[in-house]
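Asker: Next up, structure-v9.cif (mmCIF, C-alpha atoms).
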```cif
data_protein
loop_
_atom_site.group_PDB
_atom_site.id
_atom_site.type_symbol
_atom_site.label_atom_id
_atom_site.label_comp_id
_atom_site.auth_asym_id
_atom_site.auth_seq_id
_atom_site.Cartn_x
_atom_site.Cartn_y
_atom_site.Cartn_z
ATOM 1 C CA MET A 21 113.057 208.506 84.034
ATOM 2 C CA SER A 22 109.970 210.446 84.963
ATOM 3 C CA LYS A 23 108.105 209.123 81.899
ATOM 4 C CA ARG A 24 108.975 205.483 82.763
ATOM 5 C CA PHE A 25 107.915 205.995 86.364
ATOM 6 C CA ARG A 26 104.674 207.474 85.170
ATOM 7 C CA ASN A 27 103.904 204.396 83.032
ATOM 8 C CA LEU A 28 104.488 202.013 85.960
ATOM 9 C CA TYR A 29 102.285 204.160 88.147
ATOM 10 C CA ASN A 30 99.456 204.020 85.584
ATOM 11 C CA LYS A 31 99.660 200.192 85.301
ATOM 12 C CA ALA A 32 99.478 199.827 89.095
ATOM 13 C CA LEU A 33 96.385 202.003 89.163
ATOM 14 C CA GLN A 34 94.739 199.779 86.505
ATOM 15 C CA ILE A 35 95.387 196.627 88.569
ATOM 16 C CA ILE A 36 93.939 198.250 91.662
ATOM 17 C CA ARG A 37 90.814 199.244 89.718
ATOM 18 C CA LEU A 38 90.401 195.638 88.440
ATOM 19 C CA ILE A 39 90.672 194.283 91.942
ATOM 20 C CA SER A 40 88.194 196.801 93.247
ATOM 21 C CA THR A 41 85.690 195.980 90.499
ATOM 22 C CA GLY A 42 85.945 192.167 91.159
ATOM 23 C CA VAL A 43 87.245 191.214 87.684
ATOM 24 C CA ILE A 44 90.506 189.644 88.809
ATOM 25 C CA VAL A 45 89.032 187.637 91.760
ATOM 26 C CA PRO A 46 87.636 184.730 89.634
ATOM 27 C CA ILE A 47 90.995 184.419 87.910
ATOM 28 C CA VAL A 48 92.746 184.084 91.290
ATOM 29 C CA ILE A 49 90.176 181.454 92.421
ATOM 30 C CA ILE A 50 90.674 179.387 89.220
ATOM 31 C CA VAL A 51 94.451 179.459 89.707
ATOM 32 C CA LEU A 52 94.087 178.376 93.340
ATOM 33 C CA ILE A 53 91.709 175.512 92.385
ATOM 34 C CA GLY A 54 94.088 174.359 89.671
ATOM 35 C CA CYS A 55 96.992 174.384 92.069
ATOM 36 C CA GLY A 56 94.950 172.456 94.634
ATOM 37 C CA THR A 57 94.084 169.773 92.064
ATOM 38 C CA ASP A 58 97.743 169.376 91.110
ATOM 39 C CA VAL A 59 98.677 168.983 94.748
ATOM 40 C CA GLU A 60 96.025 166.327 95.282
ATOM 41 C CA GLN A 61 97.117 164.322 92.234
ATOM 42 C CA LYS A 62 100.765 164.616 93.113
ATOM 43 C CA SER A 63 100.098 163.229 96.611
ATOM 44 C CA ILE A 64 99.891 159.683 95.155
ATOM 45 C CA SER A 65 103.326 158.273 94.270
ATOM 46 C CA LEU A 66 104.469 155.002 92.678
ATOM 47 C CA GLU A 67 107.942 153.545 93.231
ATOM 48 C CA THR A 68 109.287 150.313 91.661
ATOM 49 C CA ASN A 69 112.425 148.530 92.870
ATOM 50 C CA PHE A 70 114.295 145.436 91.621
ATOM 51 C CA ASP A 71 116.990 143.785 93.713
ATOM 52 C CA THR A 72 119.050 143.016 90.603
ATOM 53 C CA THR A 73 119.077 143.431 86.844
ATOM 54 C CA THR A 74 121.415 140.482 86.186
ATOM 55 C CA ALA A 75 120.769 136.941 87.422
ATOM 56 C CA THR A 76 121.357 133.312 86.528
ATOM 57 C CA ILE A 77 118.807 130.710 85.500
ATOM 58 C CA GLY A 78 116.669 129.680 88.459
ATOM 59 C CA ASP A 79 117.588 132.628 90.672
ATOM 60 C CA ILE A 80 114.701 134.322 92.471
ATOM 61 C CA ILE A 81 114.433 138.004 91.555
ATOM 62 C CA HIS A 82 112.639 140.195 94.082
ATOM 63 C CA SER A 83 110.693 143.262 93.006
ATOM 64 C CA THR A 84 108.513 145.664 94.981
ATOM 65 C CA ILE A 85 105.967 148.280 93.979
ATOM 66 C CA LEU A 86 105.413 150.896 96.700
ATOM 67 C CA ILE A 87 102.302 153.050 96.362
ATOM 68 C CA ASN A 88 102.024 155.980 98.770
ATOM 69 C CA GLY A 89 99.111 158.341 99.310
ATOM 70 C CA THR A 90 96.419 155.639 98.973
ATOM 71 C CA LYS A 91 95.721 155.067 102.644
ATOM 72 C CA ASP A 92 91.917 155.236 102.291
ATOM 73 C CA LYS A 93 91.726 153.769 98.795
ATOM 74 C CA ILE A 94 91.742 150.342 97.207
ATOM 75 C CA ILE A 95 94.325 149.238 94.643
ATOM 76 C CA ILE A 96 94.157 146.481 92.028
ATOM 77 C CA VAL A 97 97.313 145.099 90.400
ATOM 78 C CA ASN A 98 96.263 144.090 86.886
ATOM 79 C CA GLU A 99 97.547 141.042 85.060
ATOM 80 C CA PHE A 100 100.416 141.600 82.657
ATOM 81 C CA GLU A 101 101.788 139.652 79.714
ATOM 82 C CA LYS A 102 104.766 137.592 80.867
ATOM 83 C CA PRO A 103 107.593 136.240 78.677
ATOM 84 C CA GLU A 104 107.530 132.476 78.113
ATOM 85 C CA ALA A 105 110.741 131.988 80.106
ATOM 86 C CA LEU A 106 109.373 133.901 83.123
ATOM 87 C CA GLU A 107 107.670 132.235 86.060
ATOM 88 C CA LEU A 108 105.846 134.381 88.612
ATOM 89 C CA ARG A 109 106.466 132.730 91.955
ATOM 90 C CA LYS A 110 104.788 135.256 94.243
ATOM 91 C CA SER A 111 102.543 138.321 94.074
ATOM 92 C CA GLU A 112 101.521 139.539 97.506
ATOM 93 C CA ILE A 113 99.995 142.877 98.540
ATOM 94 C CA SER A 114 100.469 144.240 102.053
ATOM 95 C CA LYS A 115 99.231 147.486 103.599
ATOM 96 C CA THR A 116 101.657 150.187 104.760
ATOM 97 C CA ASP A 117 101.129 153.321 106.862
ATOM 98 C CA ASP A 118 100.362 155.476 103.818
ATOM 99 C CA GLY A 119 99.486 152.982 101.079
ATOM 100 C CA TYR A 120 100.320 149.523 99.799
ATOM 101 C CA LEU A 121 103.385 147.388 99.087
ATOM 102 C CA ASN A 122 103.212 144.748 96.362
ATOM 103 C CA ASP A 123 105.947 142.081 96.602
ATOM 104 C CA PHE A 124 106.835 140.089 93.462
ATOM 105 C CA GLN A 125 109.159 137.129 92.958
ATOM 106 C CA PHE A 126 110.274 136.177 89.442
ATOM 107 C CA VAL A 127 112.271 133.215 88.111
ATOM 108 C CA PHE A 128 113.649 132.898 84.561
ATOM 109 C CA TRP A 129 114.351 129.528 82.940
ATOM 110 C CA ASP A 130 116.285 130.687 79.877
ATOM 111 C CA THR A 131 119.274 132.917 79.141
ATOM 112 C CA GLY A 132 119.157 136.225 77.319
ATOM 113 C CA ARG A 133 117.809 139.722 77.735
ATOM 114 C CA PHE A 134 114.188 139.918 78.858
ATOM 115 C CA THR A 135 111.843 142.774 79.588
ATOM 116 C CA ILE A 136 109.347 142.738 82.417
ATOM 117 C CA PRO A 137 106.515 144.786 80.892
ATOM 118 C CA SER A 138 104.675 147.671 82.488
ATOM 119 C CA ILE A 139 102.164 146.780 85.180
ATOM 120 C CA ASP A 140 98.910 148.724 85.427
ATOM 121 C CA ILE A 141 97.882 149.752 88.954
ATOM 122 C CA THR A 142 94.234 150.776 89.329
ATOM 123 C CA ILE A 143 93.490 152.999 92.333
ATOM 124 C CA MET A 144 89.834 152.914 93.354
ATOM 125 C CA ASN A 145 87.788 154.961 95.755
ATOM 126 C CA ALA A 146 85.872 153.486 98.665
ATOM 127 C CA ASP A 147 82.695 153.423 96.505
ATOM 128 C CA SER A 148 84.496 151.204 93.917
ATOM 129 C CA SER A 149 84.806 154.033 91.400
ATOM 130 C CA VAL A 150 88.119 154.360 89.566
ATOM 131 C CA ASN A 151 90.206 157.209 90.965
ATOM 132 C CA LEU A 152 93.428 156.843 88.990
ATOM 133 C CA VAL A 153 95.310 154.345 86.818
ATOM 134 C CA MET A 154 99.098 154.345 87.154
ATOM 135 C CA GLN A 155 101.680 152.324 85.260
ATOM 136 C CA THR A 156 105.131 151.071 86.196
ATOM 137 C CA ASP A 157 108.124 151.420 83.882
ATOM 138 C CA PRO A 158 109.292 148.325 81.985
ATOM 139 C CA GLN A 159 112.418 146.711 83.413
ATOM 140 C CA ASP A 160 115.165 144.942 81.439
ATOM 141 C CA ILE A 161 116.628 141.792 83.030
ATOM 142 C CA ILE A 162 119.709 139.940 81.792
ATOM 143 C CA ILE A 163 119.732 136.201 82.538
ATOM 144 C CA VAL A 164 123.051 134.400 82.199
ATOM 145 C CA SER A 165 124.051 130.757 82.459
ATOM 146 C CA SER A 166 125.223 129.448 85.801
ATOM 147 C CA VAL A 167 128.004 127.592 83.951
ATOM 148 C CA ASP A 168 129.100 130.641 81.948
ATOM 149 C CA PRO A 169 128.071 133.849 83.778
ATOM 150 C CA THR A 170 129.980 136.025 81.300
ATOM 151 C CA MET A 171 128.177 134.432 78.320
ATOM 152 C CA SER A 172 131.569 134.089 76.658
ATOM 153 C CA GLY A 173 131.499 130.326 76.256
ATOM 154 C CA GLU A 174 133.994 129.640 79.023
ATOM 155 C CA MET A 175 133.579 127.280 81.937
ATOM 156 C CA LYS A 176 133.718 128.416 85.524
ATOM 157 C CA PRO A 177 137.189 128.287 87.068
ATOM 158 C CA ILE A 178 138.062 124.857 88.380
ATOM 159 C CA LYS A 179 138.175 124.625 92.140
ATOM 160 C CA ASP A 180 141.182 123.199 93.900
ATOM 161 C CA PRO A 181 140.957 119.454 94.579
ATOM 162 C CA LEU A 182 139.704 118.498 97.997
ATOM 163 C CA PRO A 183 141.838 116.166 100.073
ATOM 164 C CA VAL A 184 140.452 112.645 100.324
ATOM 165 C CA SER A 185 140.741 111.025 103.717
ATOM 166 C CA ARG A 186 141.477 107.336 103.715
ATOM 167 C CA LEU A 187 139.439 104.942 105.835
ATOM 168 C CA ILE A 188 141.207 103.600 108.883
ATOM 169 C CA ASN A 189 142.279 100.001 108.418
ATOM 170 C CA TRP A 190 140.731 99.140 111.753
ATOM 171 C CA VAL A 191 137.286 99.984 110.375
ATOM 172 C CA ILE A 192 137.693 97.508 107.512
ATOM 173 C CA ILE A 193 139.025 94.858 109.853
ATOM 174 C CA ALA A 194 136.122 95.355 112.264
ATOM 175 C CA GLY A 195 133.576 95.106 109.420
ATOM 176 C CA LEU A 196 135.085 91.888 108.087
ATOM 177 C CA SER A 197 135.168 90.434 111.598
ATOM 178 C CA ILE A 198 131.479 91.165 112.144
ATOM 179 C CA LEU A 199 130.655 89.609 108.747
ATOM 180 C CA ILE A 200 132.589 86.421 109.517
ATOM 181 C CA ILE A 201 131.026 86.098 112.986
ATOM 182 C CA SER A 202 127.536 86.568 111.476
ATOM 183 C CA LEU A 203 128.143 83.837 108.872
ATOM 184 C CA ILE A 204 129.402 81.439 111.540
ATOM 185 C CA GLY A 205 126.321 82.167 113.678
ATOM 186 C CA ILE A 206 123.953 81.515 110.761
ATOM 187 C CA ILE A 207 125.643 78.194 109.961
ATOM 188 C CA TRP A 208 125.522 77.140 113.619
ATOM 189 C CA LEU A 209 121.816 77.986 113.951
ATOM 190 C CA ARG A 210 121.035 76.123 110.729
ATOM 191 C CA ILE A 211 122.776 72.999 111.987
ATOM 192 C CA LYS A 212 121.233 73.228 115.467
ATOM 193 C CA TYR A 213 117.643 73.728 114.324
ATOM 194 C CA LYS A 214 117.736 71.464 111.285
ATOM 195 C CA LYS A 215 114.334 69.884 110.816
ATOM 196 C CA GLU A 216 114.066 66.130 110.965
ATOM 197 C CA THR A 217 112.396 64.242 108.152
ATOM 198 C CA LEU A 218 108.884 63.109 109.091
ATOM 199 C CA ILE A 219 108.499 59.337 109.007
ATOM 200 C CA ASN A 220 104.741 59.127 109.503
ATOM 201 C CA ALA A 221 102.028 61.489 108.332
ATOM 202 C CA PRO A 222 100.659 63.841 111.012
ATOM 203 C CA ASP A 223 97.709 62.582 113.016
ATOM 204 C CA ILE A 224 95.765 65.869 112.757
ATOM 205 C CA ILE A 225 93.606 65.991 109.637
ATOM 206 C CA LEU A 226 91.550 69.091 108.967
ATOM 207 C CA ALA A 227 87.891 68.605 108.179
ATOM 208 C CA SER A 228 86.821 69.192 104.566
ATOM 209 C CA PRO A 229 84.682 72.241 103.672
ATOM 210 C CA ASP A 230 81.482 70.216 103.254
ATOM 211 C CA GLU A 231 81.923 68.522 106.632
ATOM 212 C CA VAL A 232 82.421 71.899 108.343
ATOM 213 C CA ALA A 233 79.365 73.390 106.623
ATOM 214 C CA LEU A 234 77.080 70.423 107.421
ATOM 215 C CA GLU A 235 78.265 70.432 111.040
ATOM 216 C CA LYS A 236 77.338 74.131 111.393
ATOM 217 C CA ILE A 237 73.892 73.523 109.868
ATOM 218 C CA ASN A 238 73.253 70.688 112.328
ATOM 219 C CA ALA A 239 74.301 73.048 115.142
ATOM 220 C CA ILE A 240 71.632 75.539 114.018
ATOM 221 C CA LYS A 241 68.996 72.794 114.075
ATOM 222 C CA THR A 242 69.725 72.071 117.724
ATOM 223 C CA ASN A 243 70.265 75.674 118.877
ATOM 224 C CA ASN A 244 66.996 77.115 120.138
ATOM 225 C CA GLY A 245 68.596 80.512 120.745
ATOM 226 C CA ILE A 246 69.409 81.021 117.072
ATOM 227 C CA GLN A 247 66.029 79.671 115.982
ATOM 228 C CA SER A 248 64.279 82.349 118.031
ATOM 229 C CA ASP A 249 66.255 85.100 116.283
ATOM 230 C CA VAL A 250 65.261 84.787 112.627
ATOM 231 C CA LYS A 251 67.580 87.597 111.507
ATOM 232 C CA GLU A 252 70.654 85.963 113.115
ATOM 233 C CA LEU A 253 69.607 82.562 111.754
ATOM 234 C CA TYR A 254 69.595 83.756 108.144
ATOM 235 C CA VAL A 255 72.859 85.607 108.646
ATOM 236 C CA GLN A 256 74.379 82.276 109.727
ATOM 237 C CA ILE A 257 72.912 80.431 106.705
ATOM 238 C CA SER A 258 74.342 83.027 104.289
ATOM 239 C CA TYR A 259 77.753 82.902 105.972
ATOM 240 C CA ILE A 260 77.905 79.062 106.005
ATOM 241 C CA LEU A 261 77.174 78.810 102.260
ATOM 242 C CA ARG A 262 79.642 81.583 101.336
ATOM 243 C CA GLU A 263 82.354 80.007 103.492
ATOM 244 C CA TYR A 264 81.703 76.578 101.986
ATOM 245 C CA VAL A 265 82.074 77.849 98.395
ATOM 246 C CA GLU A 266 85.177 79.921 99.256
ATOM 247 C CA ARG A 267 86.982 77.028 100.987
ATOM 248 C CA SER A 268 86.075 74.461 98.305
ATOM 249 C CA LEU A 269 86.402 76.487 95.077
ATOM 250 C CA PHE A 270 88.639 79.340 96.321
ATOM 251 C CA PHE A 271 86.291 82.117 95.223
ATOM 252 C CA LYS A 272 86.352 85.127 97.576
ATOM 253 C CA THR A 273 82.633 84.800 98.190
ATOM 254 C CA LEU A 274 82.891 86.045 101.798
ATOM 255 C CA GLU A 275 84.034 89.400 100.416
ATOM 256 C CA MET A 276 81.476 89.540 97.591
ATOM 257 C CA THR A 277 77.942 90.869 97.637
ATOM 258 C CA THR A 278 74.993 88.832 96.443
ATOM 259 C CA ASN A 279 74.782 90.920 93.261
ATOM 260 C CA GLU A 280 78.469 90.322 92.524
ATOM 261 C CA ILE A 281 78.012 86.565 92.995
ATOM 262 C CA GLN A 282 75.001 86.653 90.663
ATOM 263 C CA GLU A 283 76.968 88.553 88.012
ATOM 264 C CA LEU A 284 79.739 85.902 88.152
ATOM 265 C CA GLN A 285 77.427 82.874 88.211
ATOM 266 C CA ASN A 286 78.775 81.632 84.858
ATOM 267 C CA TYR A 287 82.212 81.188 86.470
ATOM 268 C CA PHE A 288 80.905 78.745 89.087
ATOM 269 C CA PRO A 289 80.753 75.040 88.104
ATOM 270 C CA PHE A 290 77.279 74.560 89.603
ATOM 271 C CA SER A 291 74.240 73.663 87.555
ATOM 272 C CA GLU A 292 71.590 76.254 86.780
ATOM 273 C CA GLN A 293 69.213 74.748 89.383
ATOM 274 C CA GLU A 294 71.907 74.668 92.089
ATOM 275 C CA MET A 295 72.981 78.221 91.338
ATOM 276 C CA LYS A 296 69.376 79.426 91.452
ATOM 277 C CA ALA A 297 68.807 77.783 94.857
ATOM 278 C CA TRP A 298 71.972 79.383 96.278
ATOM 279 C CA ILE A 299 71.193 82.881 94.945
ATOM 280 C CA THR A 300 67.599 82.627 96.266
ATOM 281 C CA LEU A 301 68.863 81.809 99.763
ATOM 282 C CA LEU A 302 71.389 84.680 99.650
ATOM 283 C CA ASN A 303 68.772 87.200 98.494
ATOM 284 C CA ARG A 304 66.321 86.096 101.187
ATOM 285 C CA SER A 305 69.004 86.389 103.843
ATOM 286 C CA ASP A 306 69.826 89.925 102.676
ATOM 287 C CA MET A 307 66.167 90.966 102.735
ATOM 288 C CA ILE A 308 65.667 89.617 106.263
ATOM 289 C CA LYS A 309 68.984 91.069 107.451
ATOM 290 C CA TYR A 310 67.990 94.588 106.418
ATOM 291 C CA ALA A 311 64.414 94.233 107.717
ATOM 292 C CA LYS A 312 62.892 94.354 104.274
ATOM 293 C CA MET A 313 61.167 91.003 104.633
ATOM 294 C CA ILE A 314 59.656 88.878 107.392
ATOM 295 C CA PRO A 315 59.638 85.132 106.551
ATOM 296 C CA GLU A 316 56.589 82.959 107.092
ATOM 297 C CA ASN A 317 56.413 80.660 110.080
ATOM 298 C CA LYS A 318 58.861 77.718 109.926
ATOM 299 C CA THR A 319 60.180 78.838 106.516
ATOM 300 C CA TRP A 320 63.694 78.666 107.929
ATOM 301 C CA LEU A 321 63.380 74.869 108.231
ATOM 302 C CA GLU A 322 62.824 74.585 104.485
ATOM 303 C CA ASP A 323 65.728 76.962 103.829
ATOM 304 C CA LEU A 324 68.015 74.907 106.066
ATOM 305 C CA ALA A 325 67.068 71.803 104.104
ATOM 306 C CA VAL A 326 67.784 73.634 100.825
ATOM 307 C CA ALA A 327 71.186 74.766 102.136
ATOM 308 C CA GLU A 328 72.039 71.234 103.267
ATOM 309 C CA GLN A 329 71.015 69.778 99.910
ATOM 310 C CA PHE A 330 73.068 72.432 98.065
ATOM 311 C CA ILE A 331 76.194 71.426 99.987
ATOM 312 C CA LYS A 332 75.708 67.702 99.408
ATOM 313 C CA SER A 333 74.868 68.047 95.698
ATOM 314 C CA THR A 334 77.872 70.259 94.881
ATOM 315 C CA THR A 335 80.565 68.250 96.649
ATOM 316 C CA HIS A 336 81.512 66.308 93.517
ATOM 317 C CA TYR A 337 82.632 69.507 91.755
ATOM 318 C CA TRP A 338 85.743 69.767 93.891
ATOM 319 C CA LYS A 339 86.096 66.525 95.931
ATOM 320 C CA ARG A 340 87.055 63.066 94.715
ATOM 321 C CA ILE A 341 84.424 60.675 96.065
ATOM 322 C CA ASN A 342 84.871 56.928 96.406
ATOM 323 C CA SER A 343 88.492 57.180 95.284
ATOM 324 C CA PRO A 344 91.005 54.588 96.547
ATOM 325 C CA ASN A 345 92.780 57.223 98.647
ATOM 326 C CA ALA A 346 89.585 58.717 100.146
#
```
Would you give me this structure, written as structure tokens?

Answerer:
Amino acid sequence: MSKRFRNLYNKALQIIRLISTGVIVPIVIIVLIGCGTDVEQKSISLETNFDTTTATIGDIIHSTILINGTKDKIIIVNEFEKPEALELRKSEISKTDDGYLNDFQFVFWDTGRFTIPSIDITIMNADSSVNLVMQTDPQDIIIVSSVDPTMSGEMKPIKDPLPVSRLINWVIIAGLSILIISLIGIIWLRIKYKKETLINAPDIILASPDEVALEKINAIKTNNGIQSDVKELYVQISYILREYVERSLFFKTLEMTTNEIQELQNYFPFSEQEMKAWITLLNRSDMIKYAKMIPENKTWLEDLAVAEQFIKSTTHYWKRINSPNA
């Protein structure tokens, strides 16, 4: 026993000498630094949860990834390869007291066993440098049919039949009564307000398009107020000619621009000279309307004469003249 005690005593003296000479101090510092690094790395934790591992087609599966220890850091959830039958409905990151919570929602549109692959989580420092990359574990999900949850080829159990309540006879009787009363009322109104056959033609005869247009042109000739406003005068000329053509030939010329009328000139029955005179008047009216042109003195008189001549010369295209019934 004395020899063994002597050996232990000698080893203790050697350790004390090493400490006194400073040899063992760096070793202790390295161990402490290593332990400190492990503690720092272990302070960041990753936890993945799924609300279920078995679902039916179309069910929403909720999954969360909780990352703790990243309060002052930035995380990036990287894209992952999804199975063809998987649809990612939601991926939302929210901040917690000590990190982040990533909320996922999955939907599968086919039956079978599927695997949600690992998801890479990149943890970055405030200066955008990468601090750590962590990875979740893959998760197996079993998707079954809503018709056959056991996947055994059997149908769901048949539910008990629901009692069918019969309609009260009074409801049918009331509906038929309302229908009969409505039919009687319709027949009575039809008889009461039956229109009488007209013996003579009505006395009111609407003026023809050319008569209306020529009357408006004559009104311009006698209206000194319009003559003093050249812009309003040419607006009236353009409107009268467009209205005349629309009412006589049923072209929607009031809704068409001058360029559109010019592009469709082959569809009008007018001669080339008549069409040219009409387009010239429309273009001049547009130029004066938008203050791009100021007409010469008394030019409007010539344009009124051209408009009047255009109406008179094109009447035969749509109106029967000198007919027995005219």

Asker: Which residues are near stretch 317-334 of chain A? Cut-off 8 Å, all atoms listed in the file, ignore same chain within fewer than 2 positions. Put them as a PyMOL selection string.

Answerer: chain A and resi 230+233-234+237+250+254+257+261+264+290+294+297-298+301+315+336-338

Asker: Counting only C-alpha atoms, figure out which residue out of A:Thr72, A:Ser83, A:Ser165, A:Thr335 gets nearest to A:Ser228.

Answerer: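 The closest residue to A:Ser228 is A:Thr335.
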
Asker: If you count all atoms listed in the file, which residues fall within 10 Å of stretch 92-96 of chain A, apart from same-chain ones fewer than 4 positions away, as a list of chain:residue names?

Answerer: A:Ile87, A:Ile113, A:Asp118, A:Gly119, A:Tyr120, A:Asp140, A:Ile141, A:Thr142, A:Ile143, A:Met144, A:Asn145, A:Ala146, A:Asp147, A:Ser148, A:Ser149, A:Val150, A:Asn151, A:Leu152, A:Val153

Asker: Could you work out how far atom CA of A:Trp129 lies from atom CA of A:Leu108, giving the answer in Å with one decimal?

Answerer: 11.3 Å

Asker: In Å, rounded to a single decimal, give me how far atom CA of A:Thr84 is from atom CA of A:Ile163.

Answerer: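 Answer for the atom CA of A:Ile163 to atom CA of A:Thr84 separation: 19.2 Å.
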